[in-house]
file input.cif (mmCIF, C-alpha atoms and all ligand atoms)
data_structure
#
loop_
_atom_site.label_atom_id
_atom_site.label_comp_id
_atom_site.auth_asym_id
_atom_site.auth_seq_id
_atom_site.Cartn_x
_atom_site.Cartn_y
_atom_site.Cartn_z
CA MET A 1 208.39 -49.86 54.24
CA GLU A 2 208.35 -47.92 50.96
CA THR A 3 205.56 -45.44 50.44
CA SER A 4 202.64 -46.84 48.55
CA THR A 5 199.66 -45.14 46.93
CA TYR A 6 197.37 -47.44 48.92
CA HIS A 7 197.06 -48.90 52.39
CA LEU A 8 194.55 -50.69 54.63
CA ARG A 9 191.90 -48.89 56.65
CA CYS A 10 189.25 -50.13 59.08
CA ARG A 11 185.79 -49.70 57.62
CA GLU A 12 184.33 -48.77 61.01
CA CYS A 13 186.89 -46.98 63.22
CA GLY A 14 189.09 -45.67 60.40
CA LYS A 15 192.36 -46.91 61.90
CA THR A 16 194.98 -47.32 59.17
CA PHE A 17 197.46 -50.16 58.65
CA ASP A 18 200.50 -50.69 56.44
CA ASN A 19 199.97 -53.23 53.70
CA GLN A 20 199.97 -56.72 55.19
CA PRO A 21 197.98 -59.97 55.05
CA ARG A 22 195.23 -58.98 57.47
CA SER A 23 191.48 -58.63 57.07
CA TYR A 24 190.21 -57.22 60.35
CA CYS A 25 191.02 -54.34 62.67
CA GLU A 26 193.02 -55.22 65.78
CA ASP A 27 191.06 -52.65 67.81
CA CYS A 28 187.42 -53.11 66.83
CA PHE A 29 187.57 -56.36 64.79
CA SER A 30 185.70 -54.77 61.88
CA PRO A 31 186.75 -55.55 58.28
CA LEU A 32 189.63 -53.70 56.63
CA GLU A 33 189.54 -52.30 53.13
CA VAL A 34 192.09 -50.84 50.74
CA THR A 35 192.08 -47.08 50.36
CA TYR A 36 194.07 -44.94 47.93
CA ASP A 37 195.77 -41.57 47.74
CA TYR A 38 193.21 -40.19 45.29
CA ASP A 39 194.89 -36.77 45.03
CA SER A 40 198.03 -38.32 43.61
CA LEU A 41 195.99 -40.65 41.37
CA ARG A 42 194.09 -37.76 39.80
CA SER A 43 197.19 -36.54 37.97
CA ARG A 44 198.24 -40.02 36.85
CA VAL A 45 195.03 -41.59 35.56
CA SER A 46 193.12 -40.38 32.53
CA ARG A 47 190.77 -41.85 29.93
CA ASP A 48 193.56 -41.58 27.33
CA VAL A 49 196.16 -43.39 29.44
CA ILE A 50 193.66 -46.18 30.12
CA ALA A 51 192.56 -46.39 26.46
CA SER A 52 196.19 -46.72 25.31
CA ARG A 53 196.59 -50.00 27.22
CA ALA A 54 195.72 -53.60 26.35
CA PRO A 55 192.06 -54.59 26.80
CA ASN A 56 192.24 -56.34 30.16
CA MET A 57 191.74 -55.39 33.80
CA TRP A 58 195.37 -54.33 34.25
CA ARG A 59 194.55 -51.19 32.24
CA TYR A 60 193.16 -49.83 35.55
CA ARG A 61 196.32 -50.78 37.45
CA GLU A 62 196.67 -47.50 39.38
CA LEU A 63 193.23 -48.15 40.90
CA LEU A 64 194.18 -51.63 42.12
CA PRO A 65 196.38 -52.58 45.10
CA LEU A 66 199.34 -53.93 43.14
CA PRO A 67 202.88 -54.10 44.49
CA ALA A 68 205.33 -51.72 42.81
CA GLU A 69 206.83 -53.19 39.62
CA TYR A 70 204.22 -55.98 39.55
CA GLN A 71 204.18 -57.65 36.11
CA PRO A 72 200.93 -59.51 35.42
CA SER A 73 201.42 -62.83 33.65
CA LEU A 74 197.81 -63.29 32.50
CA PRO A 75 195.44 -60.99 30.63
CA VAL A 76 192.25 -61.11 32.73
CA GLY A 77 189.01 -59.25 32.11
CA PHE A 78 187.58 -56.75 29.65
CA THR A 79 184.68 -59.09 29.03
CA PRO A 80 181.91 -58.11 26.58
CA LEU A 81 179.18 -55.62 27.47
CA VAL A 82 176.45 -56.47 24.96
CA SER A 83 172.96 -55.18 24.31
CA ALA A 84 170.23 -57.73 25.01
CA PRO A 85 167.22 -56.64 22.93
CA ARG A 86 165.50 -60.04 22.73
CA LEU A 87 165.78 -60.72 26.44
CA GLY A 88 164.74 -57.11 27.08
CA ASP A 89 161.65 -57.65 24.95
CA LYS A 90 160.70 -60.68 27.02
CA ILE A 91 161.24 -59.15 30.45
CA GLY A 92 160.16 -55.56 29.70
CA SER A 93 163.28 -53.44 29.25
CA ARG A 94 164.12 -51.41 26.15
CA ARG A 95 167.70 -50.62 27.20
CA LEU A 96 169.00 -53.85 28.63
CA LEU A 97 172.71 -54.72 28.59
CA ILE A 98 174.61 -57.78 29.74
CA LYS A 99 178.08 -57.64 31.26
CA ASN A 100 179.16 -61.13 30.31
CA ASP A 101 181.69 -62.57 32.76
CA ALA A 102 180.74 -66.08 31.62
CA VAL A 103 183.35 -65.75 28.87
CA CYS A 104 186.85 -64.34 28.17
CA LEU A 105 188.22 -65.15 31.63
CA PRO A 106 190.72 -67.95 32.44
CA THR A 107 188.21 -70.07 34.41
CA LEU A 108 184.99 -68.52 33.09
CA SER A 109 183.76 -66.60 36.12
CA PHE A 110 184.31 -63.12 37.54
CA LYS A 111 186.32 -64.72 40.37
CA ASP A 112 189.37 -64.62 38.07
CA ARG A 113 189.44 -60.85 38.63
CA VAL A 114 189.65 -61.07 42.42
CA VAL A 115 192.12 -63.95 42.38
CA ALA A 116 194.46 -62.11 40.01
CA VAL A 117 194.77 -59.23 42.49
CA ALA A 118 195.03 -61.54 45.51
CA LEU A 119 197.85 -63.60 44.01
CA ALA A 120 199.77 -60.48 42.99
CA ASN A 121 199.87 -59.66 46.70
CA ALA A 122 200.42 -63.23 47.93
CA ARG A 123 203.77 -63.26 46.14
CA SER A 124 204.91 -59.93 47.50
CA PHE A 125 203.92 -60.92 51.05
CA GLY A 126 206.17 -63.96 50.66
CA PHE A 127 203.60 -66.78 50.57
CA ASP A 128 204.50 -69.83 48.50
CA THR A 129 201.12 -71.45 49.20
CA VAL A 130 197.71 -69.92 48.58
CA ALA A 131 194.38 -71.21 49.82
CA CYS A 132 190.68 -70.38 49.90
CA SER A 133 187.26 -71.43 51.12
CA SER A 134 184.97 -71.57 48.12
CA THR A 135 181.49 -72.22 46.78
CA GLY A 136 183.16 -73.42 43.55
CA ASN A 137 184.22 -70.65 41.20
CA LEU A 138 186.85 -69.27 43.55
CA ALA A 139 188.24 -72.79 43.89
CA ASN A 140 188.61 -73.09 40.10
CA SER A 141 190.26 -69.72 39.79
CA VAL A 142 192.71 -70.04 42.69
CA ALA A 143 193.75 -73.51 41.48
CA ALA A 144 194.31 -72.34 37.90
CA GLN A 145 196.09 -69.09 38.63
CA ALA A 146 198.26 -70.69 41.35
CA ALA A 147 199.40 -73.24 38.75
CA ARG A 148 200.18 -70.41 36.34
CA GLU A 149 202.17 -68.53 39.00
CA GLY A 150 204.01 -71.57 40.34
CA LEU A 151 202.33 -71.37 43.75
CA LYS A 152 200.97 -74.32 45.72
CA ALA A 153 197.20 -74.30 46.34
CA TRP A 154 195.00 -75.72 49.10
CA ILE A 155 191.29 -75.47 48.33
CA PHE A 156 188.53 -75.98 50.93
CA ILE A 157 185.02 -76.69 49.63
CA PRO A 158 181.68 -78.02 50.85
CA SER A 159 181.56 -81.73 49.93
CA ASP A 160 178.40 -81.44 47.80
CA LEU A 161 179.61 -78.99 45.11
CA GLU A 162 178.79 -79.52 41.44
CA PRO A 163 181.05 -82.23 39.90
CA ALA A 164 182.35 -79.85 37.20
CA LYS A 165 183.52 -77.40 39.85
CA ILE A 166 185.36 -80.09 41.81
CA LEU A 167 186.99 -81.56 38.70
CA GLY A 168 187.75 -78.04 37.48
CA THR A 169 189.83 -77.55 40.63
CA GLN A 170 191.56 -80.94 40.79
CA VAL A 171 192.74 -80.74 37.18
CA TYR A 172 195.16 -77.91 38.06
CA GLY A 173 196.90 -80.09 40.63
CA ALA A 174 195.53 -78.26 43.65
CA GLU A 175 195.04 -80.01 46.99
CA VAL A 176 191.27 -80.24 47.45
CA VAL A 177 189.80 -80.58 50.94
CA ARG A 178 186.10 -81.56 50.88
CA ILE A 179 184.28 -80.77 54.07
CA ASN A 180 181.02 -82.18 55.35
CA GLY A 181 179.23 -78.92 55.91
CA ASN A 182 178.12 -75.81 54.07
CA TYR A 183 180.25 -72.86 52.97
CA ASP A 184 179.86 -71.09 56.29
CA HIS A 185 181.36 -74.09 58.10
CA VAL A 186 184.20 -74.29 55.58
CA ASN A 187 184.94 -70.60 55.95
CA ARG A 188 185.06 -70.79 59.74
CA LEU A 189 187.65 -73.56 59.54
CA CYS A 190 189.72 -71.53 57.07
CA SER A 191 189.67 -68.50 59.40
CA GLN A 192 191.07 -70.71 62.17
CA ILE A 193 193.82 -72.02 59.90
CA ALA A 194 194.64 -68.53 58.63
CA ASP A 195 194.90 -67.23 62.19
CA GLY A 196 197.59 -69.87 62.72
CA HIS A 197 199.57 -67.96 60.11
CA LEU A 198 199.63 -64.89 62.35
CA SER A 199 201.56 -66.90 64.91
CA GLY A 200 203.82 -68.23 62.20
CA GLU A 201 202.36 -71.72 62.18
CA ARG A 202 201.05 -72.01 58.67
CA PRO A 203 202.24 -69.37 56.26
CA TRP A 204 199.41 -69.56 53.76
CA GLY A 205 197.80 -66.74 51.88
CA PHE A 206 194.06 -67.34 52.07
CA VAL A 207 192.74 -65.22 49.23
CA ASN A 208 189.36 -64.59 50.87
CA VAL A 209 190.52 -64.56 54.49
CA ASN A 210 193.84 -62.85 55.32
CA LEU A 211 194.21 -61.45 51.76
CA ARG A 212 190.52 -60.48 51.55
CA PRO A 213 190.94 -56.68 51.39
CA TYR A 214 193.21 -57.03 48.33
CA TYR A 215 191.14 -59.79 46.75
CA ALA A 216 187.93 -57.78 47.00
CA GLU A 217 189.41 -54.84 45.06
CA GLY A 218 189.58 -57.00 41.93
CA SER A 219 185.78 -56.86 41.68
CA LYS A 220 185.97 -53.11 41.04
CA THR A 221 187.19 -53.83 37.52
CA VAL A 222 183.66 -54.98 36.57
CA GLY A 223 182.49 -51.44 37.36
CA TYR A 224 185.35 -49.70 35.55
CA GLU A 225 184.74 -51.78 32.44
CA ILE A 226 180.99 -51.12 32.42
CA ALA A 227 181.63 -47.35 32.59
CA GLU A 228 184.34 -47.39 29.91
CA GLN A 229 182.31 -49.65 27.61
CA LEU A 230 179.35 -47.25 27.92
CA GLY A 231 181.64 -44.50 26.60
CA TRP A 232 182.67 -43.30 30.08
CA GLN A 233 179.14 -43.03 31.39
CA LEU A 234 177.33 -44.72 34.23
CA PRO A 235 174.15 -46.78 33.70
CA ASP A 236 170.89 -46.05 35.53
CA ASN A 237 170.71 -49.50 37.15
CA VAL A 238 172.89 -52.54 37.76
CA VAL A 239 171.59 -55.94 38.85
CA VAL A 240 174.20 -58.02 40.67
CA PRO A 241 174.07 -61.54 42.14
CA MET A 242 175.05 -61.66 45.81
CA ALA A 243 176.83 -64.39 47.79
CA GLY A 244 179.05 -62.74 50.42
CA GLY A 245 177.85 -59.37 49.10
CA SER A 246 181.29 -58.15 48.07
CA LEU A 247 180.88 -57.75 44.29
CA ILE A 248 177.94 -55.36 44.51
CA THR A 249 179.71 -53.10 47.03
CA LYS A 250 182.85 -53.03 44.89
CA ILE A 251 180.99 -52.08 41.70
CA LYS A 252 179.61 -49.17 43.70
CA LYS A 253 183.11 -48.29 44.94
CA ALA A 254 184.35 -48.35 41.32
CA PHE A 255 181.64 -45.93 40.16
CA ASP A 256 182.31 -43.61 43.14
CA GLU A 257 186.03 -43.59 42.37
CA LEU A 258 185.46 -42.79 38.68
CA ILE A 259 183.34 -39.81 39.73
CA LEU A 260 185.96 -38.70 42.29
CA LEU A 261 188.70 -38.90 39.64
CA LYS A 262 186.48 -37.03 37.15
CA LEU A 263 186.62 -39.89 34.65
CA VAL A 264 182.79 -39.92 34.46
CA ASP A 265 180.14 -37.30 35.20
CA PRO A 266 178.39 -37.74 38.54
CA LYS A 267 175.13 -39.64 38.26
CA PRO A 268 172.97 -41.59 40.69
CA VAL A 269 173.07 -45.33 39.92
CA LYS A 270 170.59 -47.71 41.52
CA PHE A 271 171.99 -51.00 42.78
CA PHE A 272 169.81 -54.11 42.74
CA GLY A 273 170.84 -57.34 44.47
CA ALA A 274 169.79 -60.83 43.38
CA GLN A 275 169.68 -64.02 45.46
CA ALA A 276 168.11 -67.47 45.36
CA THR A 277 165.17 -67.76 47.77
CA GLY A 278 166.82 -70.82 49.33
CA CYS A 279 169.72 -68.62 50.45
CA SER A 280 168.51 -65.05 50.67
CA PRO A 281 169.77 -63.42 53.88
CA ILE A 282 170.44 -60.06 52.20
CA SER A 283 167.33 -59.77 50.02
CA THR A 284 165.15 -60.91 52.93
CA ALA A 285 166.50 -58.14 55.18
CA ILE A 286 165.92 -55.56 52.46
CA LYS A 287 162.38 -56.74 51.73
CA GLN A 288 161.61 -56.57 55.46
CA TYR A 289 163.07 -53.04 55.74
CA SER A 290 165.50 -54.40 58.34
CA ASN A 291 169.14 -53.47 58.86
CA GLU A 292 169.92 -56.82 60.49
CA ILE A 293 171.06 -59.72 58.34
CA GLU A 294 169.72 -62.98 59.80
CA PRO A 295 172.02 -65.87 58.84
CA GLN A 296 170.29 -68.72 56.96
CA ARG A 297 171.02 -72.37 56.30
CA PRO A 298 171.38 -72.50 52.49
CA LYS A 299 169.20 -74.82 50.44
CA THR A 300 169.35 -73.98 46.74
CA ILE A 301 170.76 -75.19 43.43
CA ALA A 302 172.51 -71.82 43.11
CA ARG A 303 175.51 -73.16 45.00
CA SER A 304 177.93 -70.41 43.95
CA LEU A 305 175.69 -67.98 45.87
CA ALA A 306 175.01 -70.26 48.85
CA ILE A 307 176.54 -68.21 51.66
CA GLY A 308 174.15 -68.13 54.60
CA ASN A 309 176.16 -65.66 56.68
CA PRO A 310 177.45 -63.08 54.17
CA ALA A 311 180.65 -61.29 55.29
CA ASP A 312 179.78 -58.12 53.36
CA GLY A 313 176.02 -58.41 53.85
CA PRO A 314 175.62 -55.21 55.90
CA TYR A 315 177.66 -53.21 53.37
CA ALA A 316 175.71 -54.65 50.42
CA LEU A 317 172.46 -53.79 52.18
CA LYS A 318 173.60 -50.22 52.76
CA ALA A 319 174.82 -49.76 49.17
CA ILE A 320 171.49 -50.99 47.81
CA THR A 321 169.13 -49.06 50.07
CA LYS A 322 171.11 -45.79 49.93
CA SER A 323 171.08 -45.89 46.13
CA GLY A 324 167.30 -46.24 46.00
CA GLY A 325 167.63 -49.79 44.68
CA TRP A 326 166.12 -53.00 45.96
CA ALA A 327 166.76 -56.75 46.14
CA GLU A 328 164.80 -59.79 45.01
CA ASP A 329 165.12 -63.55 45.18
CA ILE A 330 163.77 -66.34 43.01
CA SER A 331 162.97 -70.04 43.46
CA ASP A 332 165.10 -72.88 42.09
CA PRO A 333 162.66 -73.70 39.24
CA GLU A 334 162.76 -70.02 38.27
CA VAL A 335 166.59 -70.20 38.23
CA VAL A 336 166.49 -73.02 35.66
CA GLU A 337 163.82 -71.25 33.58
CA SER A 338 165.87 -68.03 33.61
CA ILE A 339 169.05 -69.84 32.47
CA GLN A 340 167.03 -71.18 29.52
CA LEU A 341 165.46 -67.78 28.79
CA LEU A 342 168.86 -66.07 28.58
CA ALA A 343 170.34 -68.83 26.45
CA GLU A 344 167.39 -68.94 24.03
CA SER A 345 167.06 -65.18 23.66
CA GLU A 346 170.69 -64.02 23.63
CA GLY A 347 172.88 -67.08 23.07
CA ILE A 348 174.52 -66.74 26.48
CA PHE A 349 174.78 -69.88 28.63
CA THR A 350 175.17 -68.88 32.25
CA GLU A 351 175.45 -70.87 35.45
CA THR A 352 172.87 -70.79 38.23
CA ALA A 353 174.07 -67.41 39.55
CA GLY A 354 173.28 -65.85 36.16
CA GLY A 355 169.83 -67.43 36.23
CA VAL A 356 169.32 -65.77 39.61
CA THR A 357 170.27 -62.39 38.13
CA VAL A 358 167.98 -62.67 35.09
CA GLY A 359 165.03 -63.95 37.14
CA ALA A 360 165.43 -61.28 39.82
CA ALA A 361 165.70 -58.57 37.14
CA ARG A 362 162.45 -59.76 35.58
CA LYS A 363 160.72 -59.48 38.97
CA LEU A 364 162.16 -56.02 39.61
CA ILE A 365 160.97 -54.80 36.21
CA HIS A 366 157.48 -56.20 36.81
CA GLN A 367 157.44 -54.37 40.16
CA ASP A 368 158.27 -51.10 38.31
CA ARG A 369 161.40 -50.73 40.43
CA ILE A 370 163.37 -50.84 37.17
CA LEU A 371 161.75 -48.84 34.35
CA PRO A 372 161.73 -49.90 30.67
CA ASP A 373 163.61 -46.91 29.27
CA GLU A 374 166.36 -46.84 31.87
CA THR A 375 169.79 -48.24 30.99
CA THR A 376 170.03 -51.45 32.98
CA VAL A 377 173.10 -53.69 33.17
CA LEU A 378 172.73 -57.32 34.28
CA CYS A 379 175.94 -58.81 35.68
CA ILE A 380 176.27 -62.37 34.40
CA THR A 381 179.09 -63.74 36.52
CA GLY A 382 179.71 -67.35 35.52
CA ASN A 383 179.50 -69.97 32.77
CA GLY A 384 176.71 -72.54 32.35
CA LEU A 385 179.02 -75.41 31.43
CA LYS A 386 180.02 -75.60 35.11
CA THR A 387 176.49 -76.29 36.36
CA THR A 388 174.99 -78.51 33.66
CA ASP A 389 173.64 -80.85 36.36
CA VAL A 390 170.73 -78.46 37.00
CA LEU A 391 169.58 -79.00 33.41
CA ALA A 392 169.97 -82.79 33.53
CA ASN A 393 166.23 -83.44 33.28
CA ALA A 394 165.35 -80.47 31.09
CA TYR A 395 165.83 -82.04 27.67
CA GLU A 396 165.13 -85.43 26.11
CA ALA A 397 167.85 -87.15 24.15
CA GLU A 398 166.97 -87.03 20.43
CA PRO A 399 166.76 -90.37 18.65
CA ALA A 400 169.70 -90.97 16.30
CA ILE A 401 168.94 -91.43 12.60
CA ALA A 402 170.81 -93.08 9.73
CA THR A 403 172.84 -90.95 7.26
CA LYS A 404 170.14 -91.07 4.58
CA LEU A 405 168.27 -88.12 3.10
CA SER A 406 165.00 -90.09 3.18
CA GLU A 407 165.46 -90.75 6.91
CA PHE A 408 165.99 -87.08 7.55
CA GLU A 409 162.93 -86.16 5.48
CA SER A 410 160.62 -88.39 7.48
CA TYR A 411 162.32 -87.26 10.69
CA ILE A 412 161.80 -83.55 9.96
CA ALA A 413 158.15 -84.22 9.11
CA THR A 414 157.55 -85.65 12.57
CA ARG A 415 159.47 -82.79 14.21
CA VAL A 416 157.52 -80.06 12.38
CA ALA A 417 154.25 -81.79 13.24
CA ALA A 418 155.31 -81.80 16.89
CA LEU A 419 156.03 -78.05 17.01
CA PRO A 420 153.58 -76.04 19.09
CA ALA A 421 151.02 -74.08 17.02
CA VAL A 422 152.21 -70.75 18.47
CA ALA A 423 155.70 -71.28 17.16
CA GLU A 424 154.34 -71.91 13.65
CA THR A 425 152.29 -68.73 13.46
CA GLN A 426 155.32 -66.83 14.73
CA SER A 427 157.56 -68.19 12.04
CA LEU A 428 154.93 -67.37 9.37
CA ALA A 429 154.77 -63.79 10.58
CA VAL A 430 158.50 -63.18 10.11
C1 LIG B 501 181.16 -65.58 44.13
C2 LIG B 501 180.14 -65.37 43.07
C3 LIG B 501 179.21 -64.30 43.12
C4 LIG B 501 179.02 -63.36 44.29
O1 LIG B 501 180.11 -62.85 44.87
P1 LIG B 501 180.15 -62.03 46.26
O2 LIG B 501 181.17 -61.02 45.97
O3 LIG B 501 180.57 -63.03 47.30
O4 LIG B 501 178.79 -61.47 46.55
C5 LIG B 501 178.38 -64.13 42.03
N1 LIG B 501 178.40 -64.96 40.98
C6 LIG B 501 179.24 -65.99 40.91
C7 LIG B 501 179.17 -66.88 39.71
C8 LIG B 501 180.15 -66.24 41.94
O5 LIG B 501 180.98 -67.27 41.84
#
call {"tool": "encode", "arguments": {"input": "input.cif", "output": "structure tokens", "more": "lines below"}}
Ligand SMILES: *Cc1c(COP(=O)(O)O)cnc(C)c1O
result
Amino acid sequence: METSTYHLRCRECGKTFDNQPRSYCEDCFSPLEVTYDYDSLRSRVSRDVIASRAPNMWRYRELLPLPAEYQPSLPVGFTPLVSAPRLGDKIGSRRLLIKNDAVCLPTLSFKDRVVAVALANARSFGFDTVACSSTGNLANSVAAQAAREGLKAWIFIPSDLEPAKILGTQVYGAEVVRINGNYDHVNRLCSQIADGHLSGERPWGFVNVNLRPYYAEGSKTVGYEIAEQLGWQLPDNVVVPMAGGSLITKIKKAFDELILLKLVDPKPVKFFGAQATGCSPISTAIKQYSNEIEPQRPKTIARSLAIGNPADGPYALKAITKSGGWAEDISDPEVVESIQLLAESEGIFTETAGGVTVGAARKLIHQDRILPDETTVLCITGNGLKTTDVLANAYEAEPAIATKLSEFESYIATRVAALPAVAETQSLAV
């Protein structure tokens, strides 16, 4: 095997492995992760080299596990980092920023980042079929990028996912397997199928099972982009939605690597995790000062986050508590209200996971765990058009009127009369 600047290493016992489709240690069965030869990277990566490249996640290619000579076929990433003064005003932060992964990605969620890295490796490992267990966004992304790469895709999902997420998988021609059960059941089945691959039975690359160490590295690009977009500085706080708990740990890994490579000055960053109360195994453990994650049976509208037994839960918990951060969870009605708050104040329409992030951030600010003058980045990870069903009863259909000026004049008179008094005084004050 040719020498590579990265390889696999067990997160617990430290045993190292050559690059291969494998996610757990053969000795202690703990998860594997990708590690790099940072000494050799230090001389090859600089702010200038990165800045000279196209604005997408491949500009950080040395820091990703990509096969030699890999040529990406899609520009993925470099989503906007925007200030959010109106939302900040409403929830009590004067330096609030939004990393907006609801836009500028092939299937409108941050999962496109992880899938791009996973598929780069699927090809080089010789798979012609890729697969995944998914709470929805991963399904969309694997299906779309597999189509783009000419790979076959098998997608395993809980049967009750949002219609837009099912359709948004089928449209790419993927094989969709709906399973009567929750994500944790689906994932267990996929692990059994993927293990068949080890004995040569079913040579599939499961992006979040046997390719998981490579897949997970894609999430680091959220962290690199935040630092670069802040002018190569780290924020004081980041608030991240948690499902399996991988994204939050990888943003931390990204910041640690940037410090190690001297691309940013060292600085403590607090990590805050967000969950829906109906599926909150990680935030519950943190709020109870426990190191044990108790699996839960998910019951929430935030389906993209509905993982009751989070694979990276213990690592997310450690990243949060060691940083001096915290975690919070919010109810389903608060998720809907927070989606509306973000849309009305900043013009960003996020899915349920983004509502979870905004609502949890508001709680954390009210608890003084996040202070008003600190730089706080909210990670908005998916697009609201995929979960419109949660807003189905939120708005009344407006009556249609004829194309006549007089009709509009009497219509607007009734609308203005119906406006709440508060809104009127506000508009007078402007
Ligand atoms: C998958 C997902 C997450 C959380 O990802 P983990 O890495 O599993 O914690 C957050 N937001 C959205 C929209 C997702 O699809």
call {"tool": "residues_around", "arguments": {"input": "input.cif", "residues": "segment 164-168 of chain A", "least_positions_apart": "3", "cutoff": "12 Å", "atoms": "all atoms listed in the file", "output": "ChimeraX atom specification"}}
result
/A:106-109,134-144,155-161,171-178,303-304,351,382-390
call {"tool": "closest_residue", "arguments": {"input": "input.cif", "among": "A:Phe255, A:Phe110, A:Tyr214, A:Phe206", "to": "ligand LIG 501 (chain B)", "atoms": "all atoms listed in the file"}}
result
A:Phe110
call {"tool": "residues_around", "arguments": {"input": "input.cif", "residues": "Thr5 of chain A", "least_positions_apart": "6", "cutoff": "12 Å", "atoms": "all atoms listed in the file", "output": "CSV table (one decimal) with C-alpha atoms, keeping the file's coordinate frame"}}
result
chain,number,residue,atom,x,y,z
A,18,ASP,CA,200.5,-50.7,56.4
A,19,ASN,CA,200.0,-53.2,53.7
A,34,VAL,CA,192.1,-50.8,50.7
A,35,THR,CA,192.1,-47.1,50.4
A,36,TYR,CA,194.1,-44.9,47.9
A,37,ASP,CA,195.8,-41.6,47.7
A,38,TYR,CA,193.2,-40.2,45.3
A,39,ASP,CA,194.9,-36.8,45.0
A,40,SER,CA,198.0,-38.3,43.6
A,41,LEU,CA,196.0,-40.6,41.4
A,42,ARG,CA,194.1,-37.8,39.8
A,44,ARG,CA,198.2,-40.0,36.8
A,61,ARG,CA,196.3,-50.8,37.4
A,62,GLU,CA,196.7,-47.5,39.4
A,63,LEU,CA,193.2,-48.2,40.9
A,64,LEU,CA,194.2,-51.6,42.1
A,65,PRO,CA,196.4,-52.6,45.1
A,66,LEU,CA,199.3,-53.9,43.1
A,67,PRO,CA,202.9,-54.1,44.5
A,68,ALA,CA,205.3,-51.7,42.8
call {"tool": "residues_around", "arguments": {"input": "input.cif", "residues": "Leu74 of chain A", "least_positions_apart": "5", "cutoff": "9 Å", "atoms": "all atoms listed in the file", "output": "list of chain:residue names"}}
result
A:Pro106, A:Ala116, A:Gln145, A:Arg148
call {"tool": "residues_near_ligand", "arguments": {"input": "input.cif", "ligand": "ligand LIG 501 (chain B)", "cutoff": "6 Å", "atoms": "all atoms listed in the file", "output": "VMD selection string"}}
result
chain A and resid 109 137 241 to 247 304 to 305 353 381 to 382
call {"tool": "atom_distance", "arguments": {"input": "input.cif", "atom1": "atom CA of Asn309 of chain A", "atom2": "atom CA of Leu342 of chain A"}}
result
29.0 Å
call {"tool": "atom_distance", "arguments": {"input": "input.cif", "atom1": "atom CA of Pro420 of chain A", "atom2": "atom CA of Tyr395 of chain A"}}
result
16.1 Å
call {"tool": "atom_distance", "arguments": {"input": "input.cif", "atom1": "atom CA of Asn237 of chain A", "atom2": "atom CA of Glu328 of chain A"}}
result
14.2 Å
call {"tool": "residues_around", "arguments": {"input": "input.cif", "residues": "Ile293 of chain A", "least_positions_apart": "5", "cutoff": "9 Å", "atoms": "only C-alpha atoms", "output": "MDAnalysis selection string"}}
result
chainID A and resid 281:282 284:286 309:310 313:314 317
call {"tool": "closest_residue", "arguments": {"input": "input.cif", "among": "A:Val130, A:Leu151, A:Val49, A:Val209", "to": "Cys190 of chain A", "atoms": "only C-alpha atoms"}}
result
A:Val209
call {"tool": "closest_residue", "arguments": {"input": "input.cif", "among": "A:Ala327, A:Ala131, A:Ile348, A:Ala122", "to": "Ile193 of chain A", "atoms": "all atoms listed in the file"}}
result
A:Ala131
call {"tool": "closest_residue", "arguments": {"input": "input.cif", "among": "A:Val377, A:Leu260, A:Cys25, A:Leu81", "to": "Phe272 of chain A", "atoms": "only C-alpha atoms"}}
result
A:Val377
call {"tool": "closest_residue", "arguments": {"input": "input.cif", "among": "A:Gly181, A:Pro295, A:Pro80, A:Gly205", "to": "Cys379 of chain A", "atoms": "all atoms listed in the file"}}
result
A:Pro80
call {"tool": "residues_around", "arguments": {"input": "input.cif", "residues": "Ala254 of chain A", "least_positions_apart": "6", "cutoff": "12 Å", "atoms": "only C-alpha atoms", "output": "PDB file with C-alpha atoms, in the frame of the given file"}}
result
ATOM      1  CA  THR A  35     192.080 -47.080  50.360  1.00  0.00           C
ATOM      2  CA  TYR A  60     193.160 -49.830  35.550  1.00  0.00           C
ATOM      3  CA  LEU A  63     193.230 -48.150  40.900  1.00  0.00           C
ATOM      4  CA  LEU A  64     194.180 -51.630  42.120  1.00  0.00           C
ATOM      5  CA  ALA A 216     187.930 -57.780  47.000  1.00  0.00           C
ATOM      6  CA  GLU A 217     189.410 -54.840  45.060  1.00  0.00           C
ATOM      7  CA  GLY A 218     189.580 -57.000  41.930  1.00  0.00           C
ATOM      8  CA  SER A 219     185.780 -56.860  41.680  1.00  0.00           C
ATOM      9  CA  LYS A 220     185.970 -53.110  41.040  1.00  0.00           C
ATOM     10  CA  THR A 221     187.190 -53.830  37.520  1.00  0.00           C
ATOM     11  CA  VAL A 222     183.660 -54.980  36.570  1.00  0.00           C
ATOM     12  CA  GLY A 223     182.490 -51.440  37.360  1.00  0.00           C
ATOM     13  CA  TYR A 224     185.350 -49.700  35.550  1.00  0.00           C
ATOM     14  CA  GLU A 225     184.740 -51.780  32.440  1.00  0.00           C
ATOM     15  CA  ILE A 226     180.990 -51.120  32.420  1.00  0.00           C
ATOM     16  CA  ALA A 227     181.630 -47.350  32.590  1.00  0.00           C
ATOM     17  CA  GLU A 228     184.340 -47.390  29.910  1.00  0.00           C
ATOM     18  CA  LEU A 234     177.330 -44.720  34.230  1.00  0.00           C
ATOM     19  CA  LEU A 247     180.880 -57.750  44.290  1.00  0.00           C
ATOM     20  CA  ILE A 248     177.940 -55.360  44.510  1.00  0.00           C
ATOM     21  CA  LEU A 260     185.960 -38.700  42.290  1.00  0.00           C
ATOM     22  CA  LEU A 261     188.700 -38.900  39.640  1.00  0.00           C
ATOM     23  CA  LEU A 263     186.620 -39.890  34.650  1.00  0.00           C
ATOM     24  CA  VAL A 264     182.790 -39.920  34.460  1.00  0.00           C
ATOM     25  CA  VAL A 269     173.070 -45.330  39.920  1.00  0.00           C
TER      26      VAL A 269
END
